[in-house]
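Text of model02.csv (CSV, C-alpha atoms) as supplied:
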chain,number,residue,atom,x,y,z
A,1,MET,CA,155.3,134.6,132.4
A,2,ILE,CA,154.8,130.9,131.5
A,3,ARG,CA,155.5,128.2,134.0
A,4,VAL,CA,155.2,124.5,133.0
A,5,SER,CA,156.1,121.7,135.4
A,6,VAL,CA,155.7,117.9,135.2
A,7,ASP,CA,156.9,116.3,138.4
A,8,HIS,CA,156.4,113.6,141.0
A,9,ALA,CA,156.1,116.1,143.9
A,10,PRO,CA,152.8,117.0,145.4
A,11,ILE,CA,151.3,120.3,144.0
A,12,ASP,CA,151.4,123.3,146.3
A,13,ILE,CA,148.5,125.5,145.3
A,14,GLY,CA,149.4,128.3,147.7
A,15,THR,CA,152.9,128.7,146.3
A,16,GLU,CA,151.8,128.5,142.7
A,17,LEU,CA,149.0,131.1,143.1
A,18,ALA,CA,151.1,133.5,145.1
A,19,GLY,CA,153.6,133.4,142.3
A,20,ILE,CA,151.1,134.2,139.7
A,21,GLU,CA,149.6,137.1,141.7
A,22,GLU,CA,153.0,138.8,141.8
A,23,THR,CA,152.5,139.7,138.1
A,24,GLY,CA,150.2,142.5,139.1
A,25,ALA,CA,147.1,141.0,137.4
A,26,GLY,CA,143.6,142.1,138.3
A,27,ALA,CA,142.2,138.6,137.8
A,28,VAL,CA,143.6,135.1,138.6
A,29,ALA,CA,141.7,132.0,137.7
A,30,SER,CA,142.6,128.4,138.5
A,31,PHE,CA,141.5,124.8,138.1
A,32,THR,CA,142.6,121.9,140.3
A,33,GLY,CA,142.1,118.3,139.2
A,34,VAL,CA,142.0,115.8,142.2
A,35,VAL,CA,142.1,112.0,142.2
A,36,ARG,CA,138.5,110.8,142.8
A,37,ALA,CA,137.7,108.2,145.4
A,38,ASP,CA,134.0,107.9,144.8
A,39,ASP,CA,134.0,104.9,142.5
A,40,GLY,CA,136.2,102.5,144.4
A,41,VAL,CA,139.6,103.8,143.2
A,42,THR,CA,142.3,103.2,145.8
A,43,ALA,CA,145.3,104.3,143.8
A,44,MET,CA,146.2,106.0,140.5
A,45,GLU,CA,149.4,106.2,138.5
A,46,LEU,CA,150.2,108.8,135.8
A,47,GLU,CA,152.6,108.0,133.0
A,48,HIS,CA,153.8,110.6,130.5
A,49,TYR,CA,156.0,111.1,127.5
A,50,PRO,CA,159.0,113.0,128.9
A,51,GLY,CA,160.0,115.9,126.6
A,52,MET,CA,156.9,115.8,124.4
A,53,THR,CA,154.6,116.5,127.4
A,54,GLU,CA,156.5,119.6,128.4
A,55,ALA,CA,156.6,120.8,124.8
A,56,VAL,CA,152.9,120.4,124.3
A,57,LEU,CA,152.1,122.2,127.6
A,58,CYS,CA,154.4,125.1,126.7
A,59,ASP,CA,152.7,125.4,123.3
A,60,LEU,CA,149.2,125.4,124.8
A,61,ALA,CA,150.3,128.0,127.4
A,62,GLU,CA,151.8,130.2,124.6
A,63,GLN,CA,148.5,129.9,122.6
A,64,ALA,CA,146.5,131.0,125.7
A,65,MET,CA,148.9,133.9,126.4
A,66,ALA,CA,148.4,135.2,122.8
A,67,ARG,CA,144.7,134.5,122.4
A,68,TRP,CA,143.6,136.1,125.7
A,69,GLY,CA,146.4,138.6,126.3
A,70,LEU,CA,147.4,136.9,129.6
A,71,LEU,CA,150.0,138.1,132.0
A,72,SER,CA,150.7,134.6,133.2
A,73,ALA,CA,149.9,131.0,132.5
A,74,VAL,CA,150.8,128.2,134.9
A,75,ILE,CA,150.4,124.4,134.2
A,76,VAL,CA,151.6,122.0,136.9
A,77,HIS,CA,150.9,118.3,136.3
A,78,ARG,CA,151.8,115.6,138.7
A,79,VAL,CA,153.0,112.2,137.5
A,80,GLY,CA,153.8,108.8,139.2
A,81,PRO,CA,151.7,107.1,142.0
A,82,MET,CA,148.9,109.0,143.7
A,83,VAL,CA,146.0,108.3,146.0
A,84,PRO,CA,142.4,109.7,146.2
A,85,GLY,CA,142.5,113.3,147.3
A,86,ASP,CA,145.9,114.1,145.7
A,87,ARG,CA,146.0,116.9,143.3
A,88,VAL,CA,146.8,115.8,139.7
A,89,VAL,CA,146.9,119.0,137.9
A,90,LEU,CA,146.8,122.8,138.5
A,91,VAL,CA,146.1,125.3,135.8
A,92,ALA,CA,146.2,129.0,136.6
A,93,THR,CA,145.9,132.1,134.5
A,94,ALA,CA,146.4,135.8,135.2
A,95,ALA,CA,144.9,138.6,133.2
A,96,ALA,CA,143.8,142.2,133.6
A,97,HIS,CA,140.1,141.1,133.9
A,98,ARG,CA,138.2,138.0,134.9
A,99,ARG,CA,136.7,137.0,131.6
A,100,GLU,CA,140.0,136.5,129.9
A,101,ALA,CA,141.5,134.6,132.9
A,102,LEU,CA,138.4,132.3,133.2
A,103,GLU,CA,138.2,131.5,129.5
A,104,ALA,CA,141.9,130.9,129.2
A,105,CYS,CA,141.9,128.6,132.2
A,106,ALA,CA,139.0,126.5,130.7
A,107,PHE,CA,140.8,126.4,127.4
A,108,LEU,CA,144.0,125.1,129.0
A,109,ILE,CA,142.4,122.2,130.9
A,110,ASP,CA,140.2,121.2,128.1
A,111,ARG,CA,143.0,121.1,125.6
A,112,LEU,CA,145.5,119.5,128.1
A,113,LYS,CA,143.0,116.5,128.4
A,114,THR,CA,143.2,115.7,124.7
A,115,ASP,CA,146.6,117.1,123.5
A,116,ALA,CA,149.1,116.2,126.2
A,117,PRO,CA,150.6,112.7,126.3
A,118,PHE,CA,149.6,111.5,129.8
A,119,TRP,CA,148.1,108.1,130.6
A,120,LYS,CA,146.2,107.2,133.8
A,121,ARG,CA,146.1,103.8,135.4
A,122,GLU,CA,143.5,103.3,138.2
A,123,THR,CA,143.6,100.5,140.9
A,124,ARG,CA,140.3,99.1,142.3
A,125,ASP,CA,140.3,96.1,144.6
A,126,GLY,CA,144.0,95.5,143.8
A,127,ASP,CA,143.3,95.4,140.1
A,128,ALA,CA,145.1,98.1,138.0
A,129,ARG,CA,143.5,99.1,134.7
A,130,TRP,CA,144.4,101.8,132.1
A,131,VAL,CA,141.8,104.4,131.8
A,132,ALA,CA,140.0,104.7,128.5
A,133,ALA,CA,139.8,108.1,126.7
A,134,ARG,CA,136.4,109.8,126.8
A,135,ALA,CA,134.5,111.2,123.8
A,136,SER,CA,133.2,114.0,126.0
A,137,ASP,CA,136.8,115.2,126.5
A,138,ASP,CA,137.2,115.5,122.7
A,139,GLN,CA,134.0,117.5,122.5
A,140,ALA,CA,135.1,119.8,125.3
A,141,ALA,CA,138.5,120.4,123.5
A,142,ALA,CA,136.8,120.9,120.1
A,143,ARG,CA,134.7,123.9,121.3
A,144,TRP,CA,137.9,126.0,121.3
A,145,THR,CA,138.5,125.4,117.6
A,146,GLY,CA,136.4,126.7,114.7
A,147,PRO,CA,135.0,124.4,112.0
A,148,ASP,CA,138.0,125.2,109.7
A,149,GLY,CA,140.5,124.3,112.4
A,150,SER,CA,141.2,127.9,113.3
A,151,PRO,CA,140.5,129.5,116.7
A,152,ASP,CA,136.8,130.6,116.8
X,1,MET,CA,165.2,104.7,114.6
X,2,GLN,CA,164.3,105.0,118.2
X,3,LEU,CA,160.9,103.5,119.2
X,4,LEU,CA,159.0,104.4,122.4
X,5,TYR,CA,156.0,102.7,123.9
X,6,PHE,CA,153.6,104.0,126.6
X,7,ALA,CA,150.9,102.7,128.9
X,8,TRP,CA,149.4,99.3,127.8
X,9,VAL,CA,151.3,99.3,124.6
X,10,ARG,CA,154.5,99.4,126.6
X,11,GLU,CA,153.3,96.6,128.9
X,12,ARG,CA,152.3,94.3,126.0
X,13,VAL,CA,155.4,94.9,124.0
X,14,GLY,CA,157.5,94.2,127.1
X,15,THR,CA,159.8,97.3,126.9
X,16,GLY,CA,159.4,101.0,126.9
X,17,GLU,CA,162.0,101.6,124.1
X,18,GLU,CA,164.0,99.9,121.5
X,19,THR,CA,166.1,100.8,118.4
X,20,VAL,CA,165.2,99.3,115.0
X,21,GLU,CA,166.2,99.6,111.4
X,22,PRO,CA,163.1,99.0,109.3
X,23,PRO,CA,163.4,98.1,105.6
X,24,GLU,CA,162.8,100.7,102.9
X,25,ALA,CA,159.3,99.2,102.2
X,26,VAL,CA,158.2,100.6,105.6
X,27,ARG,CA,157.0,104.1,104.5
X,28,THR,CA,154.2,105.1,106.9
X,29,VAL,CA,153.6,104.8,110.6
X,30,ALA,CA,151.0,102.1,109.9
X,31,ASP,CA,153.6,100.2,107.8
X,32,LEU,CA,156.0,100.4,110.8
X,33,ALA,CA,153.3,99.0,113.2
X,34,ASP,CA,152.7,96.1,110.7
X,35,TRP,CA,156.4,95.4,110.4
X,36,LEU,CA,156.9,95.5,114.2
X,37,ARG,CA,154.2,92.9,114.8
X,38,GLY,CA,156.6,90.3,113.4
X,39,ARG,CA,159.2,91.0,116.1
X,40,SER,CA,157.5,89.1,119.0
X,41,ALA,CA,154.1,87.9,120.3
X,42,GLY,CA,154.0,90.9,122.6
X,43,HIS,CA,154.5,93.3,119.6
X,44,ALA,CA,151.8,91.4,117.7
X,45,GLU,CA,149.3,91.8,120.6
X,46,ALA,CA,150.2,95.4,121.4
X,47,LEU,CA,150.0,96.6,117.7
X,48,SER,CA,147.2,94.4,116.4
X,49,ASP,CA,144.4,97.0,116.5
X,50,LEU,CA,145.4,100.2,114.8
X,51,ALA,CA,142.1,101.9,115.7
X,52,ARG,CA,143.1,101.8,119.4
X,53,LEU,CA,146.6,103.2,118.7
X,54,ARG,CA,147.9,106.7,118.5
X,55,ALA,CA,151.4,107.8,117.4
X,56,ALA,CA,153.9,110.6,117.5
X,57,VAL,CA,156.8,111.1,115.1
X,58,ASP,CA,159.7,113.2,116.6
X,59,GLN,CA,157.4,114.1,119.5
X,60,ARG,CA,154.5,115.4,117.3
X,61,PHE,CA,151.1,113.6,117.1
X,62,VAL,CA,150.6,112.2,113.6
X,63,PRO,CA,147.9,110.2,111.9
X,64,LEU,CA,148.9,106.5,111.3
X,65,ASP,CA,148.9,107.0,107.6
X,66,SER,CA,151.7,109.6,107.8
X,67,GLU,CA,154.9,109.1,106.0
X,68,LEU,CA,157.8,108.4,108.3
X,69,GLY,CA,160.3,110.4,106.3
X,70,PRO,CA,163.6,111.0,108.1
X,71,ALA,CA,162.0,110.2,111.5
X,72,LYS,CA,164.4,109.7,114.4
X,73,GLU,CA,161.9,108.8,117.1
X,74,VAL,CA,158.5,107.2,116.8
X,75,ALA,CA,156.2,106.5,119.7
X,76,PHE,CA,153.1,104.3,119.9
X,77,PHE,CA,150.5,104.6,122.7
X,78,PRO,CA,146.8,104.6,123.5
X,79,PRO,CA,144.6,107.7,123.3
X,80,VAL,CA,145.7,110.1,126.1
X,81,THR,CA,144.0,110.4,129.5
X,82,GLY,CA,145.7,113.2,131.4
X,83,GLY,CA,144.3,116.1,133.5

Could you take the file, read its structure, and then write that structure out as structure tokens?
Amino acid sequence: MIRVSVDHAPIDIGTELAGIEETGAGAVASFTGVVRADDGVTAMELEHYPGMTEAVLCDLAEQAMARWGLLSAVIVHRVGPMVPGDRVVLVATAAAHRREALEACAFLIDRLKTDAPFWKRETRDGDARWVAARASDDQAAARWTGPDGSPD
Amino acid sequence: MQLLYFAWVRERVGTGEETVEPPEAVRTVADLADWLRGRSAGHAEALSDLARLRAAVDQRFVPLDSELGPAKEVAFFPPVTGG
């Protein structure tokens, strides 16, 4: 089962994880990204490319399903205005055993960061600025790809 | 051809989408950015530094030197920052 959602509504982790557990998996792994408040951010806004975003996330979920033999992959990404403490993204994977679920979950969030067309704008002291991409995110995504561009 | 702009590219251009008919000499995505710079001061500012831009043709990421071919939709935006 693949579930991909890009929506303004708050993310309900309980409902999402209960849904993925119904697949009868022995292992469910999840990652939640939350808006940080520790560096003076008072608000954050997420913009995305409607249509392309969903297609990219579905493609990543399909890759993870095939590579790790998953039973389920869930990617829920919030867009629009948020405040510190709000959940931005939930990635959850279900597999027969923990190693596949954990690795696939890390793959999905690493690749989502570099492959999915989202843009963050943070507000500090009333001043809104677009967030710059980070080289460390490219490095994290690259570890899932071999030197010839194929999966390692 | 439908054009889409996102994040600070959208803000500087002054619109999120527009329809254009580039001349035949515009063959690549970079050619298109060059040509669009002539449309307004906002376009010129948004599309001046190609090293800071990324693009998608028909909703697939492409390098800026890619041929446009029969593209229906081209998007310009900064490097992505989701998650």

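When atom CA of Thr15 of chain X is paired with atom CA of Pro79 of chain X, their separation reads 18.8 Å.
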
Report the closest atom pair, with its distance in Å rounded to one decimal, for each residue of chain A that has an atom no farther than 6 Å from chain X; count all atoms listed in the file, sort by chain and then rising residue number, and write it as a Markdown table.
| residue | atom | partner | partner_atom | distance |
| --- | --- | --- | --- | --- |
| A:Met52 | CA | X:Gln59 | CA | 5.2 |
| A:Val89 | CA | X:Gly83 | CA | 5.9 |
| A:Lys113 | CA | X:Gly82 | CA | 5.2 |
| A:Pro117 | CA | X:Val80 | CA | 5.6 |
| A:Phe118 | CA | X:Gly82 | CA | 4.5 |
| A:Trp119 | CA | X:Thr81 | CA | 4.8 |
| A:Lys120 | CA | X:Thr81 | CA | 5.8 |
| A:Ala133 | CA | X:Thr81 | CA | 5.5 |

Could those residues be written to a file, using C-alpha atoms, as a PDB file, in the frame of the given file?
ATOM      1  CA  MET A  52     156.900 115.800 124.400  1.00  0.00           C
ATOM      2  CA  VAL A  89     146.900 119.000 137.900  1.00  0.00           C
ATOM      3  CA  LYS A 113     143.000 116.500 128.400  1.00  0.00           C
ATOM      4  CA  PRO A 117     150.600 112.700 126.300  1.00  0.00           C
ATOM      5  CA  PHE A 118     149.600 111.500 129.800  1.00  0.00           C
ATOM      6  CA  TRP A 119     148.100 108.100 130.600  1.00  0.00           C
ATOM      7  CA  LYS A 120     146.200 107.200 133.800  1.00  0.00           C
ATOM      8  CA  ALA A 133     139.800 108.100 126.700  1.00  0.00           C
TER       9      ALA A 133
END

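Pairwise distance (atom CA of Ala43 of chain A, atom CA of Ala9 of chain A) equals 16.0 Å.
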
Just the number, please: distance in Å from atom CA of Ala51 of chain X to atom CA of Tyr49 of chain A, one decimal.
20.4 Å

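With distances taken over all atoms listed in the file, A:Ala106 is the one residue among A:Ala29, A:Arg121, A:Ala128, A:Ala106 lying closest to Ala141 of chain A.
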
Using only C-alpha atoms, which protein or nucleic acid residues come within 12 Å of Arg111 of chain A? Drop anything in the same chain fewer than 3 positions from it, and give the result as a count of residues only.
31

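With distances taken over all atoms listed in the file, A:Val41 is the one residue among A:Ile13, A:Val28, A:Ala55, A:Val41 lying closest to Pro84 of chain A.
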
Surrounding residues of Ala33 of chain X excluding itself and chain neighbours under 5 positions, 10 Å, all atoms listed in the file, as JSON, numbers by chain:
{"X": [26, 28, 38, 43, 44, 46, 47, 48, 49, 50, 53, 55, 64, 76]}

So which residues are close to (151.3, 132.4, 140.5), meaning at most 9 Å away in the file's coordinates with all atoms listed in the file counted, and can you show them as a ChimeraX atom specification?
/A:3,13-23,28,72-74,92-94

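When only C-alpha atoms are used to compute distances to Gly42 of chain X, the closest of the residues X:Arg10, X:Val74, X:Leu3, X:Val29 turns out to be X:Arg10.
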
Local residues around (153.7, 114.8, 133.0), at most 9 Å away, using all atoms listed in the file, as number ranges by chain:
A: 5-8, 46-50, 53-54, 76-80, 116-118; X: 82

Nearest to Glu45 of chain X, restricted to only C-alpha atoms and choosing among X:Val20, X:Val13, X:Val57, X:Ala25, comes out as X:Val13

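With distances restricted to all atoms listed in the file, A:Ile2 is the closest residue to Glu62 of chain A from A:Arg124, A:Ile2, A:Glu100, A:Arg134.
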
Repaired coordinates for segment 54-82 of chain X (N, CA and C atoms) as a PDB file, in the coordinates of the input:
ATOM      1  N   ARG X  54     147.547 105.422 118.935  1.00  0.00           N
ATOM      2  CA  ARG X  54     147.900 106.700 118.500  1.00  0.00           C
ATOM      3  C   ARG X  54     149.436 106.742 118.332  1.00  0.00           C
ATOM      4  N   ALA X  55     149.958 107.747 117.597  1.00  0.00           N
ATOM      5  CA  ALA X  55     151.400 107.800 117.400  1.00  0.00           C
ATOM      6  C   ALA X  55     151.931 109.183 117.348  1.00  0.00           C
ATOM      7  N   ALA X  56     153.221 109.292 117.627  1.00  0.00           N
ATOM      8  CA  ALA X  56     153.900 110.600 117.500  1.00  0.00           C
ATOM      9  C   ALA X  56     155.225 110.296 116.730  1.00  0.00           C
ATOM     10  N   VAL X  57     155.566 111.205 115.831  1.00  0.00           N
ATOM     11  CA  VAL X  57     156.800 111.100 115.100  1.00  0.00           C
ATOM     12  C   VAL X  57     157.656 112.357 115.552  1.00  0.00           C
ATOM     13  N   ASP X  58     158.838 112.101 116.064  1.00  0.00           N
ATOM     14  CA  ASP X  58     159.700 113.200 116.600  1.00  0.00           C
ATOM     15  C   ASP X  58     158.911 114.096 117.507  1.00  0.00           C
ATOM     16  N   GLN X  59     158.127 113.458 118.408  1.00  0.00           N
ATOM     17  CA  GLN X  59     157.400 114.100 119.500  1.00  0.00           C
ATOM     18  C   GLN X  59     156.262 115.035 118.989  1.00  0.00           C
ATOM     19  N   ARG X  60     155.710 114.718 117.797  1.00  0.00           N
ATOM     20  CA  ARG X  60     154.500 115.400 117.300  1.00  0.00           C
ATOM     21  C   ARG X  60     153.458 114.340 116.991  1.00  0.00           C
ATOM     22  N   PHE X  61     152.209 114.538 117.459  1.00  0.00           N
ATOM     23  CA  PHE X  61     151.100 113.600 117.100  1.00  0.00           C
ATOM     24  C   PHE X  61     150.968 113.569 115.599  1.00  0.00           C
ATOM     25  N   VAL X  62     150.784 112.374 115.048  1.00  0.00           N
ATOM     26  CA  VAL X  62     150.600 112.200 113.600  1.00  0.00           C
ATOM     27  C   VAL X  62     149.486 111.161 113.366  1.00  0.00           C
ATOM     28  N   PRO X  63     148.743 111.282 112.245  1.00  0.00           N
ATOM     29  CA  PRO X  63     147.900 110.200 111.900  1.00  0.00           C
ATOM     30  C   PRO X  63     148.695 108.962 111.469  1.00  0.00           C
ATOM     31  N   LEU X  64     148.099 107.753 111.605  1.00  0.00           N
ATOM     32  CA  LEU X  64     148.900 106.500 111.300  1.00  0.00           C
ATOM     33  C   LEU X  64     149.262 106.392 109.877  1.00  0.00           C
ATOM     34  N   ASP X  65     148.548 107.092 108.969  1.00  0.00           N
ATOM     35  CA  ASP X  65     148.900 107.000 107.600  1.00  0.00           C
ATOM     36  C   ASP X  65     150.014 107.972 107.146  1.00  0.00           C
ATOM     37  N   SER X  66     150.587 108.679 108.126  1.00  0.00           N
ATOM     38  CA  SER X  66     151.700 109.600 107.800  1.00  0.00           C
ATOM     39  C   SER X  66     152.919 108.950 107.341  1.00  0.00           C
ATOM     40  N   GLU X  67     153.612 109.611 106.406  1.00  0.00           N
ATOM     41  CA  GLU X  67     154.900 109.100 106.000  1.00  0.00           C
ATOM     42  C   GLU X  67     155.921 109.279 107.121  1.00  0.00           C
ATOM     43  N   LEU X  68     156.796 108.318 107.263  1.00  0.00           N
ATOM     44  CA  LEU X  68     157.800 108.400 108.300  1.00  0.00           C
ATOM     45  C   LEU X  68     158.907 109.424 107.965  1.00  0.00           C
ATOM     46  N   GLY X  69     159.235 109.520 106.679  1.00  0.00           N
ATOM     47  CA  GLY X  69     160.300 110.400 106.300  1.00  0.00           C
ATOM     48  C   GLY X  69     161.578 110.152 107.036  1.00  0.00           C
ATOM     49  N   PRO X  70     162.314 111.193 107.425  1.00  0.00           N
ATOM     50  CA  PRO X  70     163.600 111.000 108.100  1.00  0.00           C
ATOM     51  C   PRO X  70     163.373 110.898 109.666  1.00  0.00           C
ATOM     52  N   ALA X  71     162.296 110.251 110.102  1.00  0.00           N
ATOM     53  CA  ALA X  71     162.000 110.200 111.500  1.00  0.00           C
ATOM     54  C   ALA X  71     163.101 109.597 112.343  1.00  0.00           C
ATOM     55  N   LYS X  72     163.413 110.229 113.468  1.00  0.00           N
ATOM     56  CA  LYS X  72     164.400 109.700 114.400  1.00  0.00           C
ATOM     57  C   LYS X  72     163.747 108.942 115.538  1.00  0.00           C
ATOM     58  N   GLU X  73     162.550 109.426 115.963  1.00  0.00           N
ATOM     59  CA  GLU X  73     161.900 108.800 117.100  1.00  0.00           C
ATOM     60  C   GLU X  73     160.393 108.670 116.820  1.00  0.00           C
ATOM     61  N   VAL X  74     159.910 107.456 116.993  1.00  0.00           N
ATOM     62  CA  VAL X  74     158.500 107.200 116.800  1.00  0.00           C
ATOM     63  C   VAL X  74     157.929 106.539 118.044  1.00  0.00           C
ATOM     64  N   ALA X  75     156.771 107.038 118.478  1.00  0.00           N
ATOM     65  CA  ALA X  75     156.200 106.500 119.700  1.00  0.00           C
ATOM     66  C   ALA X  75     154.761 105.980 119.389  1.00  0.00           C
ATOM     67  N   PHE X  76     154.426 104.840 120.009  1.00  0.00           N
ATOM     68  CA  PHE X  76     153.100 104.300 119.900  1.00  0.00           C
ATOM     69  C   PHE X  76     152.473 104.231 121.309  1.00  0.00           C
ATOM     70  N   PHE X  77     151.173 104.581 121.390  1.00  0.00           N
ATOM     71  CA  PHE X  77     150.500 104.600 122.700  1.00  0.00           C
ATOM     72  C   PHE X  77     148.998 104.670 122.496  1.00  0.00           C
ATOM     73  N   PRO X  78     148.228 104.445 123.594  1.00  0.00           N
ATOM     74  CA  PRO X  78     146.800 104.600 123.500  1.00  0.00           C
ATOM     75  C   PRO X  78     146.373 106.042 123.500  1.00  0.00           C
ATOM     76  N   PRO X  79     145.073 106.342 123.202  1.00  0.00           N
ATOM     77  CA  PRO X  79     144.600 107.700 123.300  1.00  0.00           C
ATOM     78  C   PRO X  79     144.913 108.262 124.739  1.00  0.00           C
ATOM     79  N   VAL X  80     145.239 109.546 124.818  1.00  0.00           N
ATOM     80  CA  VAL X  80     145.700 110.100 126.100  1.00  0.00           C
ATOM     81  C   VAL X  80     144.627 110.343 127.084  1.00  0.00           C
ATOM     82  N   THR X  81     144.981 110.308 128.378  1.00  0.00           N
ATOM     83  CA  THR X  81     144.000 110.400 129.500  1.00  0.00           C
ATOM     84  C   THR X  81     144.522 111.240 130.641  1.00  0.00           C
ATOM     85  N   GLY X  82     145.106 112.398 130.358  1.00  0.00           N
ATOM     86  CA  GLY X  82     145.700 113.200 131.400  1.00  0.00           C
ATOM     87  C   GLY X  82     144.634 114.121 132.075  1.00  0.00           C
TER      88      GLY X  82
END
